[in-house]
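Peer 1: The structure is given below, and queries will be raised subsequently.
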Amino acid sequence: MARGVAITGMGIISAIGNSVEENYISLIENKIGISRIQNISTVHADVIKVGEIKKTNEDLVAELKLNENNNFSRTAMIGTLAAKQAVENAGITDINEFRTGLISATSVGGMDMTERHYYDYFEKPELIKYITCHDGGDVAEKIAEELGLKGMVTTISTACSSAANSIMLGARLIKTGKLDRVIVGGADALAKFTINGFKTLMILSDDYNKPFDNTRKGLNLGEAAAFLVLESDEIVAKQNKKVLARVSGYGNANDAFHQTASSENGDGAYLAMKKAFEVSGLKPSEIDYINVHGTATPNNDLSEGRALLRIYENEKVPDFSSTKPFTGHTLAAAAAIEAVYSVLAIQNNVVYQNLNFEVPMEEFDLKPQTTLKNKTIEHVLSNSFGFGGNCSTLIFSKS
């Protein structure tokens with residue numbers, strides 16, 4: 001018999017806050033984190049806006065109390081901060097007491113260190129230590145080491161759906177009895193590589209992003225890290241733990257339509273949502289709020305909107321909004337921070353507002369929630385889609 005999957009802890013650092021509480025206050029008080037670039041020297045600094053964590057690498061080193069000779073990338077540092085918050089929030093004092101794993105998601109890994117030191121590696125031997133932090137797997141290893149975790153450690157990198165697949169894999173490992181507890185989530189720091197890459201794709205906005213608006217120009221990149229602690233019902237009962245919410249459904253699909261674009265009909269998104277409903281046993285009409293992927297690119301919002309209409313057929317699409325106008329698109333971390341936001345929506349019975357929306361899209365009659373709304377929230381559906389057609393959907397339910 002499959003076991004239940006409880007969420008017992010959460011941790012997050014993003015452009016709108018350095019903790020779960022700070023992020024929630026920003027969401028309900030319209031404190032956005034989109035600004036000009038400060039931490040990276042780039043020719044695009046005055047051209048685009050990003051969701052940047054206003055902490056320098058030196059600030060992060062001091063906060064984590066790392067040795068001055070460390071080789072942590074920025075991604076590893078913000079990931080470690082979020083993971084430590086989650087473990088503390090879950091009340092875990094012995095990380096290895098049960099069969100515990102870590103599944104960390106990232107897309108750029110330690111690229112920030114690679115691009116900083118690339119031309120100096122051969123002339124300055126003391127910088128060679130940074131070569132190993134380039135790999136995405138190094139982020140997970142660093143987090144595990146700081147947590148003292150001796151169990152399973154692995155990395156998922158499926159572009160912008162990475163953290164959703166991390167949460168999905170963690171839930172499956174618990175449901176099938178492979179592990180008792182899994183720390184899941186993702187981290188991605190801003191880097192020149194990412195900024196230049198998305199600039200080349202011509203999908204960056206020079207202004208604030210406007211999901212599901214007919215005049216949307218593109219996305220704002222962001223950086224963030226978020227982790228959740230998933231635990232089996234057995235641990236929850238044994239330790240009388242507080243359950244924040246549950247992972248009740250999940251699904252992923254790949255429409256393989258294009259390297260960097262989704263199918264215009266939303267085939268992958270539709271299939272991912274369909275599978276999530278099958279796993280959860282819920283009907284689409286039982287969803288109270290949808291945290292859409294909503295990147296504000298012309299392609300994503302059209303594709304996702306059509307997928308929603310296909311799932312709901314003749315039914316009314318529930319209240320939905322994108323939280324990316326607050327944080328920017330945080331790539332591999334996106335699904336993790338939006339998982340935290342989904343749980344907070346359930347706990348506080350709120351639907352977040354879709355900022356910057358003005359003009360409905362001409363292709364269909366779908367309008368996001370544009371004001372903060374209080375209502376009873378039992379189930380939240382959260383979408384996350386990545387390059388290469390990687391589409392993932394998670395459903396979170398009240399405990």
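Letters A, B, ... go to the chains of the structure tokens in the order shown; residues in each chain start at 1; ligands are counted from 1 in the same order.
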Please report, as a tab-separated table, each residue of stretch 219-293 of chain A lying at most 9 Å from stretch 27-43 of chain A, together with the nearest pair of atoms and the separation in Å rounded to one decimal; use only C-alpha atoms, and order rows by chain and ascending residue number.
Peer 2:
residue	atom	partner	partner_atom	distance
A:Asn220	CA	A:Ile34	CA	7.6
A:Leu221	CA	A:Ile34	CA	8.9
A:Gly222	CA	A:Ile34	CA	8.1
Peer 1: Show which residues sit within 12 Å of A:Lys283, as a list in words. Count only C-alpha atoms, and ignore same-chain residues fewer than 2 positions away.
Peer 2: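 The residues satisfying every condition are Gly249, Met273, Lys274, Lys275, Ala276, Phe277, Glu278, Val279, Ser280, Gly281, Ser285, Glu286, Ile287, Asp288, Ile311, Tyr312, Glu315, His379, Leu381 and Ile395 of chain A.
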Peer 1: Limited to N, CA, C and O atoms, could you put the picked residues into a file as a PDB file, in the first residue's frame?
Peer 2:
ATOM      1  N   GLY A 249      -0.526  14.989  -5.529  1.00  0.00           N
ATOM      2  CA  GLY A 249      -0.514  14.607  -6.940  1.00  0.00           C
ATOM      3  C   GLY A 249       0.702  15.145  -7.657  1.00  0.00           C
ATOM      4  O   GLY A 249       1.297  16.147  -7.241  1.00  0.00           O
ATOM      5  N   MET A 273      -0.578  17.836 -16.306  1.00  0.00           N
ATOM      6  CA  MET A 273      -1.712  18.102 -15.414  1.00  0.00           C
ATOM      7  C   MET A 273      -2.641  16.898 -15.329  1.00  0.00           C
ATOM      8  O   MET A 273      -3.122  16.533 -14.248  1.00  0.00           O
ATOM      9  N   LYS A 274      -2.879  16.268 -16.462  1.00  0.00           N
ATOM     10  CA  LYS A 274      -3.761  15.096 -16.510  1.00  0.00           C
ATOM     11  C   LYS A 274      -3.216  13.981 -15.600  1.00  0.00           C
ATOM     12  O   LYS A 274      -3.965  13.349 -14.840  1.00  0.00           O
ATOM     13  N   LYS A 275      -1.899  13.746 -15.680  1.00  0.00           N
ATOM     14  CA  LYS A 275      -1.281  12.713 -14.849  1.00  0.00           C
ATOM     15  C   LYS A 275      -1.352  13.073 -13.369  1.00  0.00           C
ATOM     16  O   LYS A 275      -1.567  12.209 -12.518  1.00  0.00           O
ATOM     17  N   ALA A 276      -1.161  14.350 -13.054  1.00  0.00           N
ATOM     18  CA  ALA A 276      -1.209  14.783 -11.660  1.00  0.00           C
ATOM     19  C   ALA A 276      -2.589  14.529 -11.059  1.00  0.00           C
ATOM     20  O   ALA A 276      -2.715  14.107  -9.906  1.00  0.00           O
ATOM     21  N   PHE A 277      -3.624  14.766 -11.845  1.00  0.00           N
ATOM     22  CA  PHE A 277      -4.980  14.506 -11.365  1.00  0.00           C
ATOM     23  C   PHE A 277      -5.219  13.008 -11.177  1.00  0.00           C
ATOM     24  O   PHE A 277      -5.878  12.579 -10.220  1.00  0.00           O
ATOM     25  N   GLU A 278      -4.661  12.210 -12.059  1.00  0.00           N
ATOM     26  CA  GLU A 278      -4.813  10.761 -11.936  1.00  0.00           C
ATOM     27  C   GLU A 278      -4.141  10.249 -10.664  1.00  0.00           C
ATOM     28  O   GLU A 278      -4.694   9.399  -9.954  1.00  0.00           O
ATOM     29  N   VAL A 279      -2.957  10.763 -10.356  1.00  0.00           N
ATOM     30  CA  VAL A 279      -2.235  10.346  -9.150  1.00  0.00           C
ATOM     31  C   VAL A 279      -2.975  10.783  -7.888  1.00  0.00           C
ATOM     32  O   VAL A 279      -3.091  10.032  -6.916  1.00  0.00           O
ATOM     33  N   SER A 280      -3.500  12.003  -7.906  1.00  0.00           N
ATOM     34  CA  SER A 280      -4.150  12.558  -6.713  1.00  0.00           C
ATOM     35  C   SER A 280      -5.551  12.000  -6.482  1.00  0.00           C
ATOM     36  O   SER A 280      -6.043  11.986  -5.354  1.00  0.00           O
ATOM     37  N   GLY A 281      -6.191  11.560  -7.566  1.00  0.00           N
ATOM     38  CA  GLY A 281      -7.573  11.115  -7.449  1.00  0.00           C
ATOM     39  C   GLY A 281      -8.553  12.276  -7.381  1.00  0.00           C
ATOM     40  O   GLY A 281      -9.764  12.084  -7.175  1.00  0.00           O
ATOM     41  N   SER A 285     -12.126  20.242 -11.010  1.00  0.00           N
ATOM     42  CA  SER A 285     -13.035  21.177 -10.335  1.00  0.00           C
ATOM     43  C   SER A 285     -12.745  21.319  -8.835  1.00  0.00           C
ATOM     44  O   SER A 285     -13.226  22.254  -8.190  1.00  0.00           O
ATOM     45  N   GLU A 286     -11.962  20.404  -8.277  1.00  0.00           N
ATOM     46  CA  GLU A 286     -11.653  20.457  -6.841  1.00  0.00           C
ATOM     47  C   GLU A 286     -10.455  21.352  -6.527  1.00  0.00           C
ATOM     48  O   GLU A 286     -10.152  21.592  -5.356  1.00  0.00           O
ATOM     49  N   ILE A 287      -9.777  21.841  -7.551  1.00  0.00           N
ATOM     50  CA  ILE A 287      -8.642  22.739  -7.346  1.00  0.00           C
ATOM     51  C   ILE A 287      -9.163  24.139  -7.014  1.00  0.00           C
ATOM     52  O   ILE A 287     -10.024  24.677  -7.710  1.00  0.00           O
ATOM     53  N   ASP A 288      -8.626  24.730  -5.967  1.00  0.00           N
ATOM     54  CA  ASP A 288      -9.069  26.055  -5.528  1.00  0.00           C
ATOM     55  C   ASP A 288      -8.199  27.184  -6.074  1.00  0.00           C
ATOM     56  O   ASP A 288      -8.644  28.323  -6.182  1.00  0.00           O
ATOM     57  N   ILE A 311      -7.780  21.117 -20.106  1.00  0.00           N
ATOM     58  CA  ILE A 311      -8.026  20.351 -18.880  1.00  0.00           C
ATOM     59  C   ILE A 311      -9.415  20.628 -18.330  1.00  0.00           C
ATOM     60  O   ILE A 311     -10.123  19.718 -17.872  1.00  0.00           O
ATOM     61  N   TYR A 312      -9.823  21.882 -18.385  1.00  0.00           N
ATOM     62  CA  TYR A 312     -11.110  22.253 -17.784  1.00  0.00           C
ATOM     63  C   TYR A 312     -12.276  22.183 -18.766  1.00  0.00           C
ATOM     64  O   TYR A 312     -13.430  22.335 -18.356  1.00  0.00           O
ATOM     65  N   GLU A 315     -15.696  23.539 -18.078  1.00  0.00           N
ATOM     66  CA  GLU A 315     -15.759  24.063 -16.720  1.00  0.00           C
ATOM     67  C   GLU A 315     -15.006  25.382 -16.615  1.00  0.00           C
ATOM     68  O   GLU A 315     -14.162  25.710 -17.456  1.00  0.00           O
ATOM     69  N   HIS A 379      -6.906  22.675  -2.086  1.00  0.00           N
ATOM     70  CA  HIS A 379      -5.991  22.058  -3.048  1.00  0.00           C
ATOM     71  C   HIS A 379      -5.420  23.119  -3.982  1.00  0.00           C
ATOM     72  O   HIS A 379      -6.155  23.959  -4.507  1.00  0.00           O
ATOM     73  N   LEU A 381      -2.838  23.592  -7.405  1.00  0.00           N
ATOM     74  CA  LEU A 381      -2.095  22.987  -8.513  1.00  0.00           C
ATOM     75  C   LEU A 381      -0.998  23.963  -8.912  1.00  0.00           C
ATOM     76  O   LEU A 381      -1.247  25.164  -9.062  1.00  0.00           O
ATOM     77  N   ILE A 395       0.433  18.848  -7.207  1.00  0.00           N
ATOM     78  CA  ILE A 395      -0.792  19.209  -6.499  1.00  0.00           C
ATOM     79  C   ILE A 395      -0.527  19.092  -5.007  1.00  0.00           C
ATOM     80  O   ILE A 395      -0.056  18.054  -4.519  1.00  0.00           O
TER      81      ILE A 395
END
Peer 1: Any idea what's packed within 6 Å of A:Asp188, counting only C-alpha atoms, ignoring anything in its chain fewer than 3 positions away? Could you give it as a list of chain:residue names?
Peer 2: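 Returned residues: A:Thr75, A:Thr106, A:Glu223, A:Ala224, A:Ala333.
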Peer 1: Restricting the output to all heavy atoms, write the selected residues as an mmCIF file, in the first residue's frame.
Peer 2:
data_model
loop_
_atom_site.group_PDB
_atom_site.id
_atom_site.type_symbol
_atom_site.label_atom_id
_atom_site.label_comp_id
_atom_site.auth_asym_id
_atom_site.auth_seq_id
_atom_site.Cartn_x
_atom_site.Cartn_y
_atom_site.Cartn_z
ATOM 1 N N THR A 75 25.262 29.395 -5.941
ATOM 2 C CA THR A 75 24.131 28.474 -5.958
ATOM 3 C C THR A 75 24.170 27.549 -4.745
ATOM 4 O O THR A 75 23.151 27.311 -4.092
ATOM 5 C CB THR A 75 24.128 27.637 -7.246
ATOM 6 O OG1 THR A 75 24.031 28.507 -8.382
ATOM 7 C CG2 THR A 75 22.948 26.673 -7.277
ATOM 8 N N THR A 106 19.127 21.927 -9.954
ATOM 9 C CA THR A 106 19.807 23.138 -10.419
ATOM 10 C C THR A 106 19.959 23.070 -11.931
ATOM 11 O O THR A 106 19.937 21.997 -12.520
ATOM 12 C CB THR A 106 21.186 23.307 -9.749
ATOM 13 O OG1 THR A 106 21.719 24.595 -10.067
ATOM 14 C CG2 THR A 106 22.163 22.229 -10.204
ATOM 15 N N GLU A 223 16.981 34.768 -9.053
ATOM 16 C CA GLU A 223 17.763 33.742 -8.364
ATOM 17 C C GLU A 223 17.075 33.435 -7.038
ATOM 18 O O GLU A 223 16.476 34.311 -6.414
ATOM 19 C CB GLU A 223 19.201 34.201 -8.135
ATOM 20 C CG GLU A 223 19.351 35.455 -7.287
ATOM 21 C CD GLU A 223 20.807 35.865 -7.108
ATOM 22 O OE1 GLU A 223 21.714 35.139 -7.564
ATOM 23 O OE2 GLU A 223 21.050 36.933 -6.497
ATOM 24 N N ALA A 224 17.140 32.187 -6.649
ATOM 25 C CA ALA A 224 16.465 31.768 -5.410
ATOM 26 C C ALA A 224 16.862 30.345 -5.075
ATOM 27 O O ALA A 224 17.474 29.628 -5.883
ATOM 28 C CB ALA A 224 14.950 31.866 -5.554
ATOM 29 N N ALA A 333 15.007 26.586 -9.582
ATOM 30 C CA ALA A 333 14.438 26.770 -8.245
ATOM 31 C C ALA A 333 12.958 27.138 -8.289
ATOM 32 O O ALA A 333 12.282 27.119 -7.257
ATOM 33 C CB ALA A 333 15.201 27.860 -7.500
#
Peer 1: Quote the spacing between atom CA of A:Thr158 and atom CA of A:Ser384 in Å to one decimal place.
Peer 2: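 Distance reported for this atom pair: 10.6 Å.
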Peer 1: I need the strand (DSSP E or B) residues of stretch 159-201 of chain A per DSSP on the backbone, written as a PyMOL selection string.
Peer 2: chain A and resi 160+181-188
Peer 1: Name all residues at most 6 Å from A:Asn252 (count only C-alpha atoms; drop same-chain ones fewer than 2 positions away) and give them as a list in words.
Peer 2: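 Within the cut-off, the hits are Ala272, Cys391 and Ser392 of chain A.
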Peer 1: Applying 10 Å and only C-alpha atoms, which residues near A:Val350 remain after dropping the ones on its own chain fewer than 5 positions away? List them as a PDB file with C-alpha atoms, in the first residue's frame.
Peer 2:
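And here is the file that came out, selection39.pdb:
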ATOM      1  CA  ILE A  28       0.577  39.789   0.467  1.00  0.00           C
ATOM      2  CA  ASP A 288      -9.069  26.055  -5.528  1.00  0.00           C
ATOM      3  CA  TYR A 289      -6.022  27.889  -6.869  1.00  0.00           C
ATOM      4  CA  SER A 342       1.407  26.990  -2.667  1.00  0.00           C
ATOM      5  CA  LEU A 344       1.403  29.153   2.254  1.00  0.00           C
ATOM      6  CA  ALA A 345      -1.709  29.726   0.127  1.00  0.00           C
ATOM      7  CA  LEU A 372      -5.172  39.469  -3.232  1.00  0.00           C
ATOM      8  CA  LYS A 373      -8.159  37.218  -2.579  1.00  0.00           C
ATOM      9  CA  ASN A 374      -9.200  35.420   0.586  1.00  0.00           C
ATOM     10  CA  LYS A 375     -11.001  32.116   0.103  1.00  0.00           C
ATOM     11  CA  THR A 376     -10.890  28.588   1.474  1.00  0.00           C
ATOM     12  CA  ILE A 377      -7.982  26.743  -0.130  1.00  0.00           C
TER      13      ILE A 377
END
Peer 1: Out of A:Tyr119, A:Gly328, A:His258, A:Ile235, which residue has the shortest atom-to-atom distance to A:Ile53 when counting only C-alpha atoms?
Peer 2: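 Distance minimum relative to A:Ile53 lands on A:Gly328.
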Peer 1: Considering only C-alpha atoms, return as a list in words whatever protein or nucleic-acid residues lie within 10 Å of A:Pro211, sequence-local ones (same chain, fewer than 5 positions apart) excluded.
Peer 2: Arg216, Lys217, Gly218, Leu219, Val292, His293, Gly294, Thr295, Ala296, Thr297, Pro298, Asn300, Asp301, Ser321, Ser322, Thr323, Lys324, Pro325, Asn354, Leu355, Asn356, Phe357, Glu358, Met361 and Pro368 of chain A
Peer 1: Determine which residues of stretch 139-357 of chain A receive a DSSP assignment of alpha helix (DSSP H), computed from the backbone, and state them as a ChimeraX atom specification.
Peer 2: /A:139-147,162-175,192-200,233-239,267-280,298-312,324-327,334-348
Peer 1: Nearest to A:Asp112 among A:Asn18, A:Asn214, A:Ser73, A:Ser157, with distances taken over only C-alpha atoms: which residue is it?
Peer 2: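 Closest candidate: A:Ser73.
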Peer 1: Can you tell me, as a PDB file with N, CA and C atoms, in the first residue's frame, what residues are no more than 10 Å from A:Ser162 when counting only C-alpha atoms, ignoring any on the same chain fewer than 3 positions away?
Peer 2:
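Output (around22.pdb):
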ATOM      1  N   SER A 104      18.413  17.526  -4.926  1.00  0.00           N
ATOM      2  CA  SER A 104      18.606  18.951  -5.205  1.00  0.00           C
ATOM      3  C   SER A 104      18.539  19.204  -6.704  1.00  0.00           C
ATOM      4  N   ALA A 105      17.868  20.284  -7.072  1.00  0.00           N
ATOM      5  CA  ALA A 105      17.718  20.632  -8.487  1.00  0.00           C
ATOM      6  C   ALA A 105      18.498  21.903  -8.809  1.00  0.00           C
ATOM      7  N   THR A 106      19.127  21.927  -9.954  1.00  0.00           N
ATOM      8  CA  THR A 106      19.807  23.138 -10.419  1.00  0.00           C
ATOM      9  C   THR A 106      19.959  23.070 -11.931  1.00  0.00           C
ATOM     10  N   SER A 107      20.100  24.237 -12.547  1.00  0.00           N
ATOM     11  CA  SER A 107      20.332  24.249 -13.997  1.00  0.00           C
ATOM     12  C   SER A 107      21.720  24.795 -14.324  1.00  0.00           C
ATOM     13  N   THR A 155      21.052  14.678  -7.846  1.00  0.00           N
ATOM     14  CA  THR A 155      20.757  15.958  -8.484  1.00  0.00           C
ATOM     15  C   THR A 155      19.836  15.758  -9.680  1.00  0.00           C
ATOM     16  N   ILE A 156      18.916  16.681  -9.857  1.00  0.00           N
ATOM     17  CA  ILE A 156      18.042  16.661 -11.031  1.00  0.00           C
ATOM     18  C   ILE A 156      18.229  17.963 -11.796  1.00  0.00           C
ATOM     19  N   SER A 157      18.359  17.867 -13.109  1.00  0.00           N
ATOM     20  CA  SER A 157      18.494  19.066 -13.932  1.00  0.00           C
ATOM     21  C   SER A 157      17.667  18.896 -15.199  1.00  0.00           C
ATOM     22  N   THR A 158      16.448  19.354 -15.132  1.00  0.00           N
ATOM     23  CA  THR A 158      15.541  19.315 -16.291  1.00  0.00           C
ATOM     24  C   THR A 158      15.066  20.727 -16.583  1.00  0.00           C
ATOM     25  N   ALA A 159      16.040  21.631 -16.660  1.00  0.00           N
ATOM     26  CA  ALA A 159      15.763  23.037 -16.922  1.00  0.00           C
ATOM     27  C   ALA A 159      14.812  23.607 -15.867  1.00  0.00           C
ATOM     28  N   ASN A 165      10.437  18.163 -10.483  1.00  0.00           N
ATOM     29  CA  ASN A 165      10.803  16.756 -10.610  1.00  0.00           C
ATOM     30  C   ASN A 165      11.546  16.255  -9.373  1.00  0.00           C
ATOM     31  N   SER A 166      12.251  17.157  -8.692  1.00  0.00           N
ATOM     32  CA  SER A 166      12.885  16.805  -7.416  1.00  0.00           C
ATOM     33  C   SER A 166      11.823  16.446  -6.383  1.00  0.00           C
ATOM     34  N   ILE A 167      10.796  17.284  -6.281  1.00  0.00           N
ATOM     35  CA  ILE A 167       9.705  17.034  -5.337  1.00  0.00           C
ATOM     36  C   ILE A 167       8.959  15.753  -5.709  1.00  0.00           C
ATOM     37  N   MET A 168       8.754  15.570  -6.989  1.00  0.00           N
ATOM     38  CA  MET A 168       8.050  14.392  -7.487  1.00  0.00           C
ATOM     39  C   MET A 168       8.806  13.105  -7.156  1.00  0.00           C
ATOM     40  N   GLY A 185      14.068  20.073  -3.367  1.00  0.00           N
ATOM     41  CA  GLY A 185      13.975  21.474  -3.762  1.00  0.00           C
ATOM     42  C   GLY A 185      15.003  21.818  -4.814  1.00  0.00           C
ATOM     43  N   GLY A 186      15.356  23.089  -4.881  1.00  0.00           N
ATOM     44  CA  GLY A 186      16.304  23.493  -5.904  1.00  0.00           C
ATOM     45  C   GLY A 186      16.902  24.856  -5.638  1.00  0.00           C
ATOM     46  N   ALA A 187      17.984  25.156  -6.357  1.00  0.00           N
ATOM     47  CA  ALA A 187      18.680  26.429  -6.208  1.00  0.00           C
ATOM     48  C   ALA A 187      19.314  26.823  -7.533  1.00  0.00           C
ATOM     49  N   LEU A 331      14.368  29.805 -12.649  1.00  0.00           N
ATOM     50  CA  LEU A 331      14.856  28.619 -13.359  1.00  0.00           C
ATOM     51  C   LEU A 331      14.652  27.336 -12.559  1.00  0.00           C
ATOM     52  N   ALA A 332      15.716  26.604 -12.241  1.00  0.00           N
ATOM     53  CA  ALA A 332      15.550  25.304 -11.581  1.00  0.00           C
ATOM     54  C   ALA A 332      14.939  25.407 -10.197  1.00  0.00           C
ATOM     55  N   ALA A 333      15.007  26.586  -9.582  1.00  0.00           N
ATOM     56  CA  ALA A 333      14.438  26.770  -8.245  1.00  0.00           C
ATOM     57  C   ALA A 333      12.958  27.138  -8.289  1.00  0.00           C
ATOM     58  N   ALA A 334      12.444  27.488  -9.473  1.00  0.00           N
ATOM     59  CA  ALA A 334      11.092  28.043  -9.588  1.00  0.00           C
ATOM     60  C   ALA A 334      10.020  27.172  -8.950  1.00  0.00           C
ATOM     61  N   ALA A 335      10.007  25.899  -9.264  1.00  0.00           N
ATOM     62  CA  ALA A 335       8.961  25.017  -8.736  1.00  0.00           C
ATOM     63  C   ALA A 335       9.060  24.845  -7.238  1.00  0.00           C
ATOM     64  N   ALA A 336      10.273  24.965  -6.692  1.00  0.00           N
ATOM     65  CA  ALA A 336      10.450  24.819  -5.246  1.00  0.00           C
ATOM     66  C   ALA A 336       9.935  26.041  -4.504  1.00  0.00           C
ATOM     67  N   SER A 384       5.076  23.850 -13.706  1.00  0.00           N
ATOM     68  CA  SER A 384       6.455  24.247 -13.955  1.00  0.00           C
ATOM     69  C   SER A 384       6.935  23.594 -15.235  1.00  0.00           C
ATOM     70  N   PHE A 385       7.327  24.420 -16.195  1.00  0.00           N
ATOM     71  CA  PHE A 385       7.711  23.911 -17.513  1.00  0.00           C
ATOM     72  C   PHE A 385       9.128  24.353 -17.865  1.00  0.00           C
ATOM     73  N   GLY A 386       9.864  23.468 -18.542  1.00  0.00           N
ATOM     74  CA  GLY A 386      11.247  23.774 -18.868  1.00  0.00           C
ATOM     75  C   GLY A 386      11.576  23.585 -20.336  1.00  0.00           C
ATOM     76  N   ASN A 390      10.147  19.807 -21.106  1.00  0.00           N
ATOM     77  CA  ASN A 390       9.989  19.214 -19.774  1.00  0.00           C
ATOM     78  C   ASN A 390       8.853  19.894 -19.012  1.00  0.00           C
ATOM     79  N   CYS A 391       7.727  19.235 -18.912  1.00  0.00           N
ATOM     80  CA  CYS A 391       6.555  19.809 -18.262  1.00  0.00           C
ATOM     81  C   CYS A 391       6.198  19.016 -17.001  1.00  0.00           C
ATOM     82  N   SER A 392       6.028  19.710 -15.887  1.00  0.00           N
ATOM     83  CA  SER A 392       5.714  19.037 -14.629  1.00  0.00           C
ATOM     84  C   SER A 392       4.629  19.781 -13.870  1.00  0.00           C
TER      85      SER A 392
END
Peer 1: Between A:Ala164, A:Ala191, A:Leu204, A:Ala225, which residue has the minimum interatomic distance to A:Ala76, considering only C-alpha atoms?
Peer 2: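 Between A:Ala164, A:Ala191, A:Leu204, A:Ala225, the residue approaching A:Ala76 most closely is A:Ala225.
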